[in-house]
$ cat query-v6.cif   # mmCIF, C-alpha atoms
data_model
loop_
_atom_site.label_atom_id
_atom_site.label_comp_id
_atom_site.auth_asym_id
_atom_site.auth_seq_id
_atom_site.Cartn_x
_atom_site.Cartn_y
_atom_site.Cartn_z
CA MET A 1 -78.96 -0.54 33.26
CA ASP A 2 -82.12 -2.56 32.68
CA LYS A 3 -84.60 -0.15 31.06
CA VAL A 4 -87.46 -2.59 30.55
CA VAL A 5 -90.85 -1.47 31.87
CA ALA A 6 -93.51 -4.10 32.48
CA THR A 7 -96.37 -2.47 30.57
CA ALA A 8 -97.01 0.31 28.07
CA ALA A 9 -99.36 1.92 30.60
CA ALA A 10 -96.57 2.14 33.17
CA ALA A 11 -94.13 3.46 30.57
CA VAL A 12 -96.34 6.46 29.68
CA ALA A 13 -97.91 7.07 33.09
CA ASP A 14 -96.12 10.43 33.50
CA VAL A 15 -97.27 11.83 30.15
CA ARG A 16 -99.31 14.76 31.44
CA GLN A 17 -101.68 17.36 30.04
CA GLY A 18 -99.91 19.64 27.57
CA ALA A 19 -96.86 17.39 27.11
CA SER A 20 -94.91 17.43 23.84
CA LEU A 21 -94.30 14.16 22.00
CA ALA A 22 -91.95 13.26 19.14
CA VAL A 23 -93.48 10.21 17.46
CA GLY A 24 -91.77 7.93 14.97
CA GLY A 25 -93.30 6.36 11.89
CA PHE A 26 -94.24 7.25 8.34
CA GLY A 27 -97.81 6.56 7.29
CA LEU A 28 -98.41 3.25 9.07
CA SER A 29 -94.80 2.03 8.87
CA GLY A 30 -92.92 1.92 12.15
CA VAL A 31 -95.71 3.56 14.15
CA PRO A 32 -95.55 2.96 17.95
CA SER A 33 -99.25 2.11 18.05
CA VAL A 34 -99.21 0.35 21.42
CA LEU A 35 -97.61 3.32 23.17
CA ILE A 36 -99.95 5.75 21.41
CA GLN A 37 -102.95 3.74 22.63
CA ALA A 38 -101.50 3.77 26.14
CA VAL A 39 -101.20 7.58 25.99
CA HIS A 40 -104.81 7.73 24.83
CA GLU A 41 -105.86 5.72 27.87
CA THR A 42 -104.12 8.16 30.26
CA GLY A 43 -106.65 10.81 29.25
CA ALA A 44 -103.91 13.41 28.71
CA GLY A 45 -104.87 16.16 26.27
CA GLY A 46 -103.58 19.44 24.91
CA LEU A 47 -100.66 17.49 23.47
CA GLY A 48 -98.05 18.95 21.13
CA VAL A 49 -97.07 16.30 18.60
CA VAL A 50 -94.03 16.30 16.33
CA SER A 51 -94.32 13.63 13.65
CA ASN A 52 -94.06 13.32 9.88
CA ASN A 53 -97.82 12.84 9.67
CA CYS A 54 -100.70 12.47 12.13
CA GLY A 55 -101.84 8.92 11.59
CA ALA A 56 -103.82 7.22 8.85
CA LEU A 57 -106.89 4.99 8.53
CA ASP A 58 -107.92 5.83 12.10
CA ARG A 59 -104.71 4.27 13.40
CA GLY A 60 -101.61 5.60 15.13
CA LEU A 61 -101.84 9.26 16.04
CA ALA A 62 -105.26 9.41 14.38
CA THR A 63 -106.54 7.83 17.61
CA LEU A 64 -105.44 10.82 19.67
CA LEU A 65 -106.50 13.25 16.96
CA ALA A 66 -110.06 11.90 16.75
CA ALA A 67 -110.38 12.12 20.53
CA GLY A 68 -109.42 15.81 20.49
CA ARG A 69 -106.29 15.19 22.55
CA ILE A 70 -103.87 16.99 20.21
CA ALA A 71 -103.56 20.78 20.31
CA ARG A 72 -100.60 21.30 17.98
CA VAL A 73 -98.89 19.32 15.23
CA THR A 74 -95.45 19.93 13.79
CA GLY A 75 -95.11 17.81 10.67
CA SER A 76 -94.63 17.72 6.93
CA TYR A 77 -97.59 15.79 5.56
CA ILE A 78 -101.37 15.87 6.01
CA GLY A 79 -102.04 13.36 3.25
CA ALA A 80 -105.43 11.66 3.12
CA ASN A 81 -106.19 12.16 6.82
CA LYS A 82 -109.56 13.88 6.46
CA GLU A 83 -110.00 14.49 10.20
CA PHE A 84 -106.60 16.15 10.40
CA ALA A 85 -107.53 18.45 7.51
CA ARG A 86 -110.96 19.16 9.00
CA GLN A 87 -109.61 20.15 12.43
CA TYR A 88 -106.92 22.31 10.84
CA LEU A 89 -109.29 24.20 8.56
CA ALA A 90 -111.88 24.54 11.35
CA GLY A 91 -109.36 26.27 13.60
CA GLU A 92 -109.41 23.46 16.16
CA LEU A 93 -105.78 22.54 15.65
CA GLU A 94 -102.55 24.49 15.27
CA VAL A 95 -100.30 23.07 12.56
CA GLU A 96 -96.73 23.91 11.62
CA LEU A 97 -96.00 22.46 8.19
CA ILE A 98 -92.32 22.31 7.32
CA PRO A 99 -90.24 20.58 4.60
CA GLN A 100 -89.74 16.91 5.33
CA GLY A 101 -85.95 17.02 5.31
CA THR A 102 -85.98 20.06 7.56
CA LEU A 103 -88.20 18.21 10.04
CA ALA A 104 -85.78 15.28 10.07
CA GLU A 105 -82.80 17.55 10.69
CA ARG A 106 -84.58 19.58 13.38
CA LEU A 107 -85.20 16.36 15.31
CA ARG A 108 -81.65 15.10 14.81
CA ALA A 109 -80.18 18.46 15.79
CA GLY A 110 -82.22 18.46 18.97
CA GLY A 111 -80.76 15.12 19.97
CA ALA A 112 -77.23 16.18 19.01
CA GLY A 113 -77.36 19.33 21.15
CA ILE A 114 -77.29 21.69 18.15
CA PRO A 115 -79.70 24.58 18.85
CA ALA A 116 -80.20 25.70 15.24
CA PHE A 117 -78.86 25.32 11.72
CA TYR A 118 -79.07 26.93 8.28
CA THR A 119 -80.65 25.17 5.29
CA PRO A 120 -81.53 26.25 1.72
CA ALA A 121 -84.88 24.44 1.92
CA GLY A 122 -87.71 26.97 1.99
CA VAL A 123 -85.75 30.05 0.96
CA GLY A 124 -87.94 32.34 -1.16
CA THR A 125 -91.16 30.77 0.12
CA GLN A 126 -93.48 31.35 3.06
CA VAL A 127 -91.40 28.85 5.02
CA ALA A 128 -88.75 31.58 5.29
CA ASP A 129 -90.78 34.72 4.61
CA GLY A 130 -93.62 33.92 7.02
CA GLY A 131 -97.34 33.88 6.40
CA LEU A 132 -98.00 30.14 6.49
CA PRO A 133 -101.30 29.46 8.31
CA LEU A 134 -100.60 28.04 11.77
CA ARG A 135 -104.25 28.26 12.73
CA TYR A 136 -107.37 29.08 10.73
CA ASP A 137 -110.32 30.97 12.17
CA GLY A 138 -112.87 28.42 11.00
CA LYS A 139 -114.35 30.88 8.51
CA GLY A 140 -111.78 30.57 5.76
CA GLY A 141 -109.44 33.20 7.20
CA ILE A 142 -106.10 32.89 8.96
CA ALA A 143 -106.14 33.42 12.74
CA THR A 144 -102.39 32.93 13.27
CA ALA A 145 -99.62 32.95 10.67
CA SER A 146 -95.98 31.92 10.87
CA ALA A 147 -93.38 34.60 11.52
CA PRO A 148 -90.47 35.36 9.17
CA LYS A 149 -87.23 33.49 9.81
CA GLU A 150 -83.68 34.74 9.64
CA VAL A 151 -82.07 34.34 6.22
CA ARG A 152 -78.31 34.65 5.68
CA GLU A 153 -76.03 34.27 2.71
CA PHE A 154 -73.12 31.83 2.69
CA ASP A 155 -70.82 31.60 -0.34
CA GLY A 156 -73.32 33.44 -2.48
CA ARG A 157 -76.34 31.32 -1.55
CA ALA A 158 -79.23 32.14 0.80
CA TYR A 159 -80.06 29.89 3.76
CA VAL A 160 -82.86 30.03 6.31
CA LEU A 161 -82.30 29.52 10.05
CA GLU A 162 -84.23 26.60 11.54
CA ARG A 163 -84.47 25.80 15.25
CA ALA A 164 -83.82 22.33 16.64
CA ILE A 165 -86.68 20.37 18.20
CA ARG A 166 -86.70 18.91 21.70
CA THR A 167 -89.77 17.29 23.23
CA ASP A 168 -90.79 16.08 26.66
CA PHE A 169 -91.21 12.51 25.41
CA ALA A 170 -90.51 10.44 22.31
CA LEU A 171 -92.47 7.33 21.30
CA VAL A 172 -90.83 4.93 18.82
CA ARG A 173 -91.12 1.36 17.55
CA ALA A 174 -88.19 -0.96 16.84
CA ALA A 175 -87.88 -4.48 15.46
CA ARG A 176 -85.31 -5.50 18.09
CA GLY A 177 -84.03 -3.98 21.26
CA ASP A 178 -82.00 -5.07 24.25
CA ARG A 179 -82.46 -4.25 27.92
CA HIS A 180 -79.94 -1.41 27.67
CA GLY A 181 -82.03 0.35 25.03
CA ASN A 182 -79.97 -0.37 21.92
CA LEU A 183 -82.40 -0.53 18.99
CA VAL A 184 -82.59 -1.99 15.49
CA PHE A 185 -85.27 -0.82 13.04
CA ALA A 186 -86.60 -2.93 10.16
CA ARG A 187 -86.39 -1.55 6.63
CA SER A 188 -88.72 1.40 6.04
CA ALA A 189 -89.58 1.58 9.74
CA ARG A 190 -86.12 3.12 10.03
CA ASN A 191 -87.63 6.40 8.88
CA PHE A 192 -88.33 9.00 11.56
CA ASN A 193 -87.96 6.59 14.48
CA PRO A 194 -84.23 7.13 15.23
CA LEU A 195 -84.62 10.90 14.80
CA ALA A 196 -87.70 11.14 17.02
CA ALA A 197 -85.93 9.04 19.65
CA MET A 198 -82.99 11.46 19.69
CA ALA A 199 -85.25 14.48 20.22
CA GLY A 200 -87.08 13.20 23.31
CA ARG A 201 -85.92 14.03 26.81
CA ILE A 202 -87.57 10.77 27.85
CA THR A 203 -87.64 8.23 25.02
CA ILE A 204 -89.89 5.18 25.21
CA ALA A 205 -89.48 2.36 22.70
CA GLU A 206 -91.84 -0.51 22.01
CA VAL A 207 -89.87 -3.45 20.60
CA GLU A 208 -91.13 -6.43 18.64
CA GLU A 209 -88.32 -8.62 19.96
CA LEU A 210 -86.55 -8.07 23.28
CA VAL A 211 -83.07 -9.62 23.54
CA GLU A 212 -80.35 -9.66 26.14
CA PRO A 213 -77.40 -7.22 26.07
CA GLY A 214 -74.72 -8.47 23.71
CA GLU A 215 -77.11 -10.30 21.39
CA ILE A 216 -77.20 -7.38 18.96
CA ASP A 217 -74.00 -6.97 16.94
CA PRO A 218 -72.70 -3.46 17.79
CA ASP A 219 -72.26 -2.81 14.05
CA GLN A 220 -76.00 -3.45 13.57
CA VAL A 221 -77.25 -0.99 16.21
CA HIS A 222 -79.22 1.79 14.55
CA LEU A 223 -79.81 3.80 17.74
CA PRO A 224 -77.59 3.54 20.83
CA GLY A 225 -79.23 3.00 24.19
CA LEU A 226 -77.90 6.38 25.29
CA PHE A 227 -81.00 7.93 23.69
CA VAL A 228 -83.53 5.51 25.21
CA GLN A 229 -84.85 5.60 28.77
CA ARG A 230 -87.65 2.99 28.71
CA ILE A 231 -88.30 -0.24 26.79
CA VAL A 232 -91.63 -2.04 26.41
CA ALA A 233 -91.59 -5.59 25.02
CA LEU A 234 -94.56 -6.27 22.74
CA THR A 235 -96.52 -9.49 22.87
CA PRO A 236 -96.33 -11.72 19.77
CA GLU A 237 -99.84 -10.56 18.82
CA GLN A 238 -98.89 -6.89 19.15
CA ALA A 239 -95.66 -7.42 17.20
CA VAL A 240 -97.44 -8.79 14.13
CA ASP A 241 -100.35 -6.32 14.22
CA LYS A 242 -99.30 -4.26 11.21
CA HIS A 243 -101.40 -2.61 8.54
CA ILE A 244 -101.02 -1.38 4.97
CA GLU A 245 -102.18 2.16 4.28
CA ARG A 246 -102.71 1.67 0.56
CA ARG A 247 -102.27 -1.56 -1.39
CA THR A 248 -100.48 -1.05 -4.70
CA VAL A 249 -100.10 -4.67 -5.79
CA SER A 250 -101.31 -5.20 -9.35
CA ALA A 251 -103.23 -8.23 -10.55
CA PRO A 252 -101.04 -11.01 -11.99
CA THR A 253 -100.59 -10.94 -15.76
CA ALA A 254 -102.34 -13.77 -17.60
CA GLN A 255 -100.00 -16.46 -18.90
CA GLY A 256 -98.82 -15.79 -22.44
CA THR A 257 -99.49 -12.03 -22.33
CA VAL A 258 -97.19 -9.08 -21.85
CA GLY A 259 -97.81 -6.78 -18.89
CA HIS A 260 -97.82 -3.00 -19.27
#

$ encode --input "query-v6.cif" --output "structure tokens"
Amino acid sequence: MDKVVATAAAAVADVRQGASLAVGGFGLSGVPSVLIQAVHETGAGGLGVVSNNCGALDRGLATLLAAGRIARVTGSYIGANKEFARQYLAGELEVELIPQGTLAERLRAGGAGIPAFYTPAGVGTQVADGGLPLRYDGKGGIATASAPKEVREFDGRAYVLERAIRTDFALVRAARGDRHGNLVFARSARNFNPLAAMAGRITIAEVEELVEPGEIDPDQVHLPGLFVQRIVALTPEQAVDKHIERRTVSAPTAQGTVGH
């Protein structure tokens, strides 16, 4: 089945008001920025977003966030996104913060058809006991707090029950993809992208290089086309439009000296 869609706009045309989106990427690595911009241009709002973080440097999901299109975020990291923090503390945004590994497994479980699972992460904290602020009242108080979760003991150790995540759509970015939807992710872009793709009922992938079926070695496929419904081929300009969130390259050491 040829899953290629001509444009990003056509691929996301049915993303409606209040839709839920699982979005791949970590910081600015592997972020499906073209699809996110296309969602922005639909005008859809009240969106529920599941992603490790909510964009950075006014890019990625920060575009939707700044426009007030996101109503709820399920993620594990606020980081240096000042607008994310401002909306959260002002009571404009509902946020479910969960351990990063738990988020990854909740997405994977959703795609694998597993409704829930037990994990030791969060036991003895507000993650399990409840009380984490989901929404602030804008005055420094908590308007809505998380509820307690079920905790059970297995082999003498306590575990908390976590529910799987399924979303209406998933937006991901891959380095290569074929017309059947088989995807390959490059290096650190293989972070939350395969997991987000599994969780979406309709998964849309933007690919930097579109190839014909059979050109990707089956042993090199990171995500089977079974999980992907739509493919958007990026232009060469879009494929190379990548950004660095924070440069950490040190100055070269002068010749004849020892670096520290």

$ closest_residue --input "query-v6.cif" --among "A:Ala38, A:Ala71, A:Ala104, A:Val95" --to "A:Ser146" --atoms "all atoms listed in the file"
A:Val95

$ resolve_selection --input "query-v6.cif" --expression "the PyMOL selection byres ((chain A and resi 138-141) around 10)" --output "CSV table (one decimal) with C-alpha atoms, in the frame of the given file"
chain,number,residue,atom,x,y,z
A,86,ARG,CA,-111.0,19.2,9.0
A,87,GLN,CA,-109.6,20.2,12.4
A,88,TYR,CA,-106.9,22.3,10.8
A,89,LEU,CA,-109.3,24.2,8.6
A,90,ALA,CA,-111.9,24.5,11.4
A,91,GLY,CA,-109.4,26.3,13.6
A,92,GLU,CA,-109.4,23.5,16.2
A,133,PRO,CA,-101.3,29.5,8.3
A,135,ARG,CA,-104.2,28.3,12.7
A,136,TYR,CA,-107.4,29.1,10.7
A,137,ASP,CA,-110.3,31.0,12.2
A,142,ILE,CA,-106.1,32.9,9.0
A,143,ALA,CA,-106.1,33.4,12.7
A,144,THR,CA,-102.4,32.9,13.3

$ resolve_selection --input "query-v6.cif" --expression "the PyMOL selection byres ((chain A and resi 192) around 7)" --output "count of residues only"
10

$ residues_near_point --input "query-v6.cif" --point "(-85.7, -0.9, 28.3)" --cutoff "10 Å" --atoms "all atoms listed in the file" --output "ChimeraX atom specification"
/A:1-6,11,177-183,203-207,210,225,228-233

$ residues_around --input "query-v6.cif" --residues "A:Val160" --least-positions-apart "5" --cutoff "12 Å" --atoms "only C-alpha atoms" --output "JSON, numbers by chain"
{"A": [102, 116, 117, 118, 119, 120, 121, 122, 123, 124, 125, 126, 127, 128, 129, 130, 148, 149, 150, 151, 152, 153, 154]}

$ closest_residue --input "query-v6.cif" --among "A:Leu223, A:Ala175, A:Val15, A:Leu28" --to "A:Gly45" --atoms "all atoms listed in the file"
A:Val15

$ closest_residue --input "query-v6.cif" --among "A:Thr63, A:Ser188, A:Thr248, A:Thr253" --to "A:Ser33" --atoms "only C-alpha atoms"
A:Thr63

$ atom_distance --input "query-v6.cif" --atom1 "atom CA of A:Gly113" --atom2 "atom CA of A:Leu97"
22.9 Å

$ residues_around --input "query-v6.cif" --residues "A:Ala186" --least-positions-apart "6" --cutoff "9 Å" --atoms "all atoms listed in the file" --output "number ranges by chain"
A: 30, 174-176

$ resolve_selection --input "query-v6.cif" --expression "the PyMOL selection byres ((chain A and resi 82) around 12)" --output "mmCIF file with C-alpha atoms, keeping the file's coordinate frame"
data_model
loop_
_atom_site.group_PDB
_atom_site.id
_atom_site.type_symbol
_atom_site.label_atom_id
_atom_site.label_comp_id
_atom_site.auth_asym_id
_atom_site.auth_seq_id
_atom_site.Cartn_x
_atom_site.Cartn_y
_atom_site.Cartn_z
ATOM 1 C CA CYS A 54 -100.700 12.470 12.130
ATOM 2 C CA GLY A 55 -101.840 8.920 11.590
ATOM 3 C CA ALA A 56 -103.820 7.220 8.850
ATOM 4 C CA LEU A 57 -106.890 4.990 8.530
ATOM 5 C CA ASP A 58 -107.920 5.830 12.100
ATOM 6 C CA ALA A 62 -105.260 9.410 14.380
ATOM 7 C CA LEU A 65 -106.500 13.250 16.960
ATOM 8 C CA ALA A 66 -110.060 11.900 16.750
ATOM 9 C CA ILE A 78 -101.370 15.870 6.010
ATOM 10 C CA GLY A 79 -102.040 13.360 3.250
ATOM 11 C CA ALA A 80 -105.430 11.660 3.120
ATOM 12 C CA ASN A 81 -106.190 12.160 6.820
ATOM 13 C CA GLU A 83 -110.000 14.490 10.200
ATOM 14 C CA PHE A 84 -106.600 16.150 10.400
ATOM 15 C CA ALA A 85 -107.530 18.450 7.510
ATOM 16 C CA ARG A 86 -110.960 19.160 9.000
ATOM 17 C CA GLN A 87 -109.610 20.150 12.430
ATOM 18 C CA TYR A 88 -106.920 22.310 10.840
ATOM 19 C CA LEU A 89 -109.290 24.200 8.560
ATOM 20 C CA ALA A 90 -111.880 24.540 11.350
#

$ atom_distance --input "query-v6.cif" --atom1 "atom CA of A:His222" --atom2 "atom CA of A:Leu107"
15.8 Å

$ closest_residue --input "query-v6.cif" --among "A:Pro252, A:Glu96, A:Val184, A:Gly131" --to "A:Asp219" --atoms "only C-alpha atoms"
A:Val184

$ atom_distance --input "query-v6.cif" --atom1 "atom CA of A:Val12" --atom2 "atom CA of A:Leu35"
7.3 Å

$ build_atoms --input "query-v6.cif" --residues "stretch 24-45 of chain A" --atoms "N, CA, C and O atoms" --output "PDB file, in the coordinates of the input"
ATOM      1  N   GLY A  24     -92.347   8.517  16.165  1.00  0.00           N
ATOM      2  CA  GLY A  24     -91.770   7.930  14.970  1.00  0.00           C
ATOM      3  C   GLY A  24     -92.824   7.356  14.052  1.00  0.00           C
ATOM      4  O   GLY A  24     -94.010   7.277  14.383  1.00  0.00           O
ATOM      5  N   GLY A  25     -92.394   6.954  12.861  1.00  0.00           N
ATOM      6  CA  GLY A  25     -93.300   6.360  11.890  1.00  0.00           C
ATOM      7  C   GLY A  25     -93.489   7.221  10.670  1.00  0.00           C
ATOM      8  O   GLY A  25     -93.197   8.419  10.670  1.00  0.00           O
ATOM      9  N   PHE A  26     -93.984   6.581   9.630  1.00  0.00           N
ATOM     10  CA  PHE A  26     -94.240   7.250   8.340  1.00  0.00           C
ATOM     11  C   PHE A  26     -95.442   6.549   7.747  1.00  0.00           C
ATOM     12  O   PHE A  26     -95.367   5.388   7.375  1.00  0.00           O
ATOM     13  N   GLY A  27     -96.584   7.248   7.673  1.00  0.00           N
ATOM     14  CA  GLY A  27     -97.810   6.560   7.290  1.00  0.00           C
ATOM     15  C   GLY A  27     -98.165   5.582   8.392  1.00  0.00           C
ATOM     16  O   GLY A  27     -98.397   5.968   9.538  1.00  0.00           O
ATOM     17  N   LEU A  28     -98.181   4.285   8.062  1.00  0.00           N
ATOM     18  CA  LEU A  28     -98.410   3.250   9.070  1.00  0.00           C
ATOM     19  C   LEU A  28     -97.171   2.399   9.304  1.00  0.00           C
ATOM     20  O   LEU A  28     -97.231   1.404  10.016  1.00  0.00           O
ATOM     21  N   SER A  29     -96.046   2.794   8.729  1.00  0.00           N
ATOM     22  CA  SER A  29     -94.800   2.030   8.870  1.00  0.00           C
ATOM     23  C   SER A  29     -94.012   2.507  10.084  1.00  0.00           C
ATOM     24  O   SER A  29     -93.660   3.679  10.188  1.00  0.00           O
ATOM     25  N   GLY A  30     -93.734   1.587  10.991  1.00  0.00           N
ATOM     26  CA  GLY A  30     -92.920   1.920  12.150  1.00  0.00           C
ATOM     27  C   GLY A  30     -93.621   2.775  13.182  1.00  0.00           C
ATOM     28  O   GLY A  30     -92.964   3.457  13.970  1.00  0.00           O
ATOM     29  N   VAL A  31     -94.945   2.743  13.214  1.00  0.00           N
ATOM     30  CA  VAL A  31     -95.710   3.560  14.150  1.00  0.00           C
ATOM     31  C   VAL A  31     -95.791   2.868  15.513  1.00  0.00           C
ATOM     32  O   VAL A  31     -96.167   1.691  15.582  1.00  0.00           O
ATOM     33  N   PRO A  32     -95.468   3.560  16.603  1.00  0.00           N
ATOM     34  CA  PRO A  32     -95.550   2.960  17.950  1.00  0.00           C
ATOM     35  C   PRO A  32     -96.999   2.926  18.443  1.00  0.00           C
ATOM     36  O   PRO A  32     -97.382   3.621  19.382  1.00  0.00           O
ATOM     37  N   SER A  33     -97.810   2.096  17.819  1.00  0.00           N
ATOM     38  CA  SER A  33     -99.250   2.110  18.050  1.00  0.00           C
ATOM     39  C   SER A  33     -99.634   1.698  19.457  1.00  0.00           C
ATOM     40  O   SER A  33    -100.631   2.204  20.010  1.00  0.00           O
ATOM     41  N   VAL A  34     -98.887   0.798  20.062  1.00  0.00           N
ATOM     42  CA  VAL A  34     -99.210   0.350  21.420  1.00  0.00           C
ATOM     43  C   VAL A  34     -98.982   1.474  22.427  1.00  0.00           C
ATOM     44  O   VAL A  34     -99.808   1.713  23.318  1.00  0.00           O
ATOM     45  N   LEU A  35     -97.890   2.194  22.277  1.00  0.00           N
ATOM     46  CA  LEU A  35     -97.610   3.320  23.170  1.00  0.00           C
ATOM     47  C   LEU A  35     -98.598   4.454  22.949  1.00  0.00           C
ATOM     48  O   LEU A  35     -99.035   5.110  23.905  1.00  0.00           O
ATOM     49  N   ILE A  36     -98.974   4.696  21.696  1.00  0.00           N
ATOM     50  CA  ILE A  36     -99.950   5.750  21.410  1.00  0.00           C
ATOM     51  C   ILE A  36    -101.281   5.417  22.073  1.00  0.00           C
ATOM     52  O   ILE A  36    -101.933   6.272  22.679  1.00  0.00           O
ATOM     53  N   GLN A  37    -101.700   4.149  21.983  1.00  0.00           N
ATOM     54  CA  GLN A  37    -102.950   3.740  22.630  1.00  0.00           C
ATOM     55  C   GLN A  37    -102.853   3.898  24.141  1.00  0.00           C
ATOM     56  O   GLN A  37    -103.824   4.302  24.796  1.00  0.00           O
ATOM     57  N   ALA A  38    -101.689   3.615  24.692  1.00  0.00           N
ATOM     58  CA  ALA A  38    -101.500   3.770  26.140  1.00  0.00           C
ATOM     59  C   ALA A  38    -101.598   5.237  26.544  1.00  0.00           C
ATOM     60  O   ALA A  38    -102.161   5.567  27.599  1.00  0.00           O
ATOM     61  N   VAL A  39    -101.063   6.136  25.718  1.00  0.00           N
ATOM     62  CA  VAL A  39    -101.200   7.580  25.990  1.00  0.00           C
ATOM     63  C   VAL A  39    -102.667   7.978  25.938  1.00  0.00           C
ATOM     64  O   VAL A  39    -103.152   8.750  26.768  1.00  0.00           O
ATOM     65  N   HIS A  40    -103.373   7.449  24.954  1.00  0.00           N
ATOM     66  CA  HIS A  40    -104.810   7.730  24.830  1.00  0.00           C
ATOM     67  C   HIS A  40    -105.537   7.346  26.118  1.00  0.00           C
ATOM     68  O   HIS A  40    -106.414   8.078  26.604  1.00  0.00           O
ATOM     69  N   GLU A  41    -105.183   6.214  26.680  1.00  0.00           N
ATOM     70  CA  GLU A  41    -105.860   5.720  27.870  1.00  0.00           C
ATOM     71  C   GLU A  41    -105.505   6.506  29.134  1.00  0.00           C
ATOM     72  O   GLU A  41    -106.226   6.421  30.130  1.00  0.00           O
ATOM     73  N   THR A  42    -104.435   7.301  29.106  1.00  0.00           N
ATOM     74  CA  THR A  42    -104.120   8.160  30.260  1.00  0.00           C
ATOM     75  C   THR A  42    -105.111   9.309  30.376  1.00  0.00           C
ATOM     76  O   THR A  42    -105.258   9.894  31.441  1.00  0.00           O
ATOM     77  N   GLY A  43    -105.727   9.675  29.254  1.00  0.00           N
ATOM     78  CA  GLY A  43    -106.650  10.810  29.250  1.00  0.00           C
ATOM     79  C   GLY A  43    -105.961  12.143  29.049  1.00  0.00           C
ATOM     80  O   GLY A  43    -106.622  13.185  29.028  1.00  0.00           O
ATOM     81  N   ALA A  44    -104.645  12.145  28.895  1.00  0.00           N
ATOM     82  CA  ALA A  44    -103.910  13.410  28.710  1.00  0.00           C
ATOM     83  C   ALA A  44    -104.330  14.072  27.409  1.00  0.00           C
ATOM     84  O   ALA A  44    -104.511  13.420  26.377  1.00  0.00           O
ATOM     85  N   GLY A  45    -104.488  15.398  27.447  1.00  0.00           N
ATOM     86  CA  GLY A  45    -104.870  16.160  26.270  1.00  0.00           C
ATOM     87  C   GLY A  45    -104.010  17.391  26.118  1.00  0.00           C
ATOM     88  O   GLY A  45    -103.027  17.585  26.849  1.00  0.00           O
TER      89      GLY A  45
END
